[in-house]
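To start, the structure under review is shown below, and the notes come after it.
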Amino acid sequence: MNLEIEKFFNKDNLISLISYGKDPGDVFSSTLVAIMQSVDVHSIEKTKKLKHKDVVIMSKEEFFNSIDVFPIEFITMKHSYKVIFGEDVLSEIDIDMKNYRHQLEYEVRSKKQILTRAIREFGSTSRFTAKIMDDILNQLKILVIHIAHLSQELKSFEYDYMVAIHRLSEVSGKGMETLTNLLYSIEQNKYKDYSKGQKLQFLSELLQDIKDLQGYVDSFEA
């Protein structure tokens, strides 16, 4: 399906338009990245009618200055993308693996703290806990994919988090059935039907799995 670029972007200001994701050829189910000469309120508002959930809008300067800050996102882009319009800016970038590992460590450690808070406040803020489960699902999927990617010395990249968990199990020599079951339970919304005791057990098991993931990341050379 073609995207009518003129409807949503000023071509004179647009340097590059890229779609990325599991199937970047399916533009409307992928994330769009628009790199512009300059970003202002008018250029942002023009994209409001795009039928995309995820649209990243950046100036070219901001794009290149963000590589060392968001290596996870840039590696995800580089492994499966399509140039819809303009320059192939992703072909010009190199990712520092130290920054990659450091961001993974930060993300895993921060998820552990968020989950610790959820357990601490469990019972008094059930809405908060439910929101944590919804938010943490996609974040954990991405982290598992990237930890597996890094653990295999960047030999392959797999968008399917179940395959990534299997590969991580092979590399670590430790089964990750619990994490697989937990992520599946969240994805199928089974967690919401659990009793209070089951939910607390669920959170405890998830916390242990995140600690294991942190251990994997810590074992990689910085």
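As shown in the structure tokens, the chain order sets the letters A, B, ...; within each chain, residues go from 1, and ligands are also counted from 1 in the order they appear.
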*Can you list every residue in stretch 22-213 of chain A that DSSP puts in helix (DSSP H, G or I), as a VMD selection string?*
chain A and resid 27 to 29 41 to 45 60 to 65 71 to 79 89 to 92 97 to 120 126 to 151 161 to 172 177 to 187 190 to 193 196 to 213
Using only C-alpha atoms, tabulate the residues of stretch 53-136 of chain A lying at most 7 Å from any atom of stretch 27-44 of chain A, each with its closest atom pair and that distance in Å to one decimal, by chain and increasing residue number, as JSON lines.
{"residue": "A:Asp54", "atom": "CA", "partner": "A:Thr31", "partner_atom": "CA", "distance": 5.1}
{"residue": "A:Val55", "atom": "CA", "partner": "A:Leu32", "partner_atom": "CA", "distance": 4.8}
{"residue": "A:Val56", "atom": "CA", "partner": "A:Val33", "partner_atom": "CA", "distance": 4.7}
{"residue": "A:Ile57", "atom": "CA", "partner": "A:Ala34", "partner_atom": "CA", "distance": 4.9}
{"residue": "A:Met58", "atom": "CA", "partner": "A:Ile35", "partner_atom": "CA", "distance": 5.1}
{"residue": "A:Ser59", "atom": "CA", "partner": "A:Met36", "partner_atom": "CA", "distance": 4.7}
{"residue": "A:Lys60", "atom": "CA", "partner": "A:Ile35", "partner_atom": "CA", "distance": 5.6}
*asked:* Would you pick out the contacts of stretch 93-101 of chain A at 8 Å or less, using only C-alpha atoms, so that residues sharing its chain but fewer than 6 positions from it are not included, and give the list as a PyMOL selection string?
replied: chain A and resi 64+67-72+74-75+150+217+220+222
Residue selection dump (all heavy atoms) as a CSV table (one decimal), in the first residue's frame:
chain,number,residue,atom,x,y,z
A,64,PHE,N,21.3,11.9,14.3
A,64,PHE,CA,22.7,11.4,14.5
A,64,PHE,C,23.2,11.6,15.9
A,64,PHE,O,24.1,10.9,16.3
A,64,PHE,CB,23.6,12.1,13.4
A,64,PHE,CG,23.4,11.5,12.1
A,64,PHE,CD1,22.7,12.2,11.1
A,64,PHE,CD2,23.9,10.3,11.7
A,64,PHE,CE1,22.5,11.7,9.8
A,64,PHE,CE2,23.7,9.7,10.5
A,64,PHE,CZ,23.0,10.4,9.5
A,67,ILE,N,22.3,8.5,18.4
A,67,ILE,CA,22.7,7.1,18.2
A,67,ILE,C,23.3,6.5,19.4
A,67,ILE,O,23.1,5.4,19.8
A,67,ILE,CB,23.7,7.1,17.0
A,67,ILE,CG1,23.0,7.5,15.7
A,67,ILE,CG2,24.3,5.7,16.9
A,67,ILE,CD1,23.9,7.7,14.5
A,68,ASP,N,24.2,7.3,20.1
A,68,ASP,CA,24.8,6.8,21.3
A,68,ASP,C,23.9,6.7,22.5
A,68,ASP,O,24.2,6.0,23.5
A,68,ASP,CB,26.1,7.6,21.7
A,68,ASP,CG,25.7,9.1,22.0
A,68,ASP,OD1,24.6,9.5,21.5
A,68,ASP,OD2,26.5,9.8,22.6
A,69,VAL,N,22.7,7.4,22.4
A,69,VAL,CA,21.8,7.4,23.6
A,69,VAL,C,20.8,6.3,23.4
A,69,VAL,O,20.4,5.7,24.4
A,69,VAL,CB,21.0,8.7,23.6
A,69,VAL,CG1,20.1,8.8,24.8
A,69,VAL,CG2,22.0,9.9,23.7
A,70,PHE,N,20.4,5.9,22.2
A,70,PHE,CA,19.4,4.9,21.9
A,70,PHE,C,19.9,3.8,21.0
A,70,PHE,O,19.3,3.5,20.0
A,70,PHE,CB,18.1,5.6,21.3
A,70,PHE,CG,17.5,6.7,22.1
A,70,PHE,CD1,17.5,8.0,21.7
A,70,PHE,CD2,16.9,6.4,23.4
A,70,PHE,CE1,17.0,9.0,22.4
A,70,PHE,CE2,16.3,7.4,24.1
A,70,PHE,CZ,16.4,8.7,23.6
A,71,PRO,N,20.9,3.1,21.4
A,71,PRO,CA,21.5,2.1,20.5
A,71,PRO,C,20.5,0.9,20.3
A,71,PRO,O,20.5,0.3,19.2
A,71,PRO,CB,22.7,1.6,21.2
A,71,PRO,CG,22.6,2.0,22.6
A,71,PRO,CD,21.8,3.3,22.6
A,72,ILE,N,19.7,0.6,21.3
A,72,ILE,CA,18.7,-0.5,21.2
A,72,ILE,C,17.7,-0.2,20.0
A,72,ILE,O,17.5,-1.0,19.1
A,72,ILE,CB,17.9,-0.7,22.5
A,72,ILE,CG1,18.8,-1.4,23.5
A,72,ILE,CG2,16.7,-1.6,22.2
A,72,ILE,CD1,18.1,-1.5,24.9
A,74,PHE,N,18.1,2.0,17.5
A,74,PHE,CA,18.8,2.1,16.2
A,74,PHE,C,19.2,0.7,15.7
A,74,PHE,O,19.1,0.5,14.5
A,74,PHE,CB,20.0,3.0,16.3
A,74,PHE,CG,19.7,4.5,16.2
A,74,PHE,CD1,19.6,5.2,17.4
A,74,PHE,CD2,19.5,5.1,15.0
A,74,PHE,CE1,19.2,6.6,17.3
A,74,PHE,CE2,19.2,6.4,14.9
A,74,PHE,CZ,19.0,7.2,16.1
A,75,ILE,N,19.6,-0.2,16.5
A,75,ILE,CA,19.9,-1.6,16.1
A,75,ILE,C,18.6,-2.2,15.6
A,75,ILE,O,18.6,-2.9,14.6
A,75,ILE,CB,20.5,-2.4,17.2
A,75,ILE,CG1,22.0,-1.9,17.3
A,75,ILE,CG2,20.5,-3.9,16.9
A,75,ILE,CD1,22.8,-2.6,18.5
A,150,LEU,N,22.8,-9.9,21.6
A,150,LEU,CA,24.1,-9.6,22.1
A,150,LEU,C,24.8,-10.8,22.6
A,150,LEU,O,26.0,-11.0,22.4
A,150,LEU,CB,24.0,-8.5,23.3
A,150,LEU,CG,25.3,-7.9,23.8
A,150,LEU,CD1,26.1,-7.2,22.6
A,150,LEU,CD2,25.0,-6.9,24.9
A,217,VAL,N,23.2,-9.9,31.3
A,217,VAL,CA,23.7,-8.7,30.7
A,217,VAL,C,25.0,-8.3,31.5
A,217,VAL,O,26.0,-7.9,30.9
A,217,VAL,CB,22.7,-7.5,30.9
A,217,VAL,CG1,23.4,-6.2,30.5
A,217,VAL,CG2,21.5,-7.8,30.1
A,220,PHE,N,28.2,-10.0,30.1
A,220,PHE,CA,28.8,-9.6,28.9
A,220,PHE,C,29.9,-8.6,29.1
A,220,PHE,O,29.8,-7.7,30.0
A,220,PHE,CB,27.7,-9.0,27.9
A,220,PHE,CG,26.5,-9.8,27.7
A,220,PHE,CD1,25.3,-9.3,27.5
A,220,PHE,CD2,26.7,-11.2,27.6
A,220,PHE,CE1,24.2,-10.1,27.2
A,220,PHE,CE2,25.6,-12.0,27.3
A,220,PHE,CZ,24.3,-11.5,27.2
A,222,ALA,N,31.9,-5.3,28.9
A,222,ALA,CA,31.5,-3.9,28.6
A,222,ALA,C,32.4,-3.4,27.5
A,222,ALA,O,33.5,-3.8,27.3
A,222,ALA,CB,31.7,-3.1,29.9
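With atom CA of A:Lys112 on one side and atom CA of A:Leu207 on the other, the separation reads 6.5 Å.
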_Give me, as an MDAnalysis selection string, the residues of stretch 7-159 of chain A that a backbone DSSP run labels strand (DSSP E or B)._
chainID A and resid 14:20 31:36 55:59 81:86
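Between atom CA of A:Glu121 and atom CA of A:Val144 the separation is 26.0 Å.
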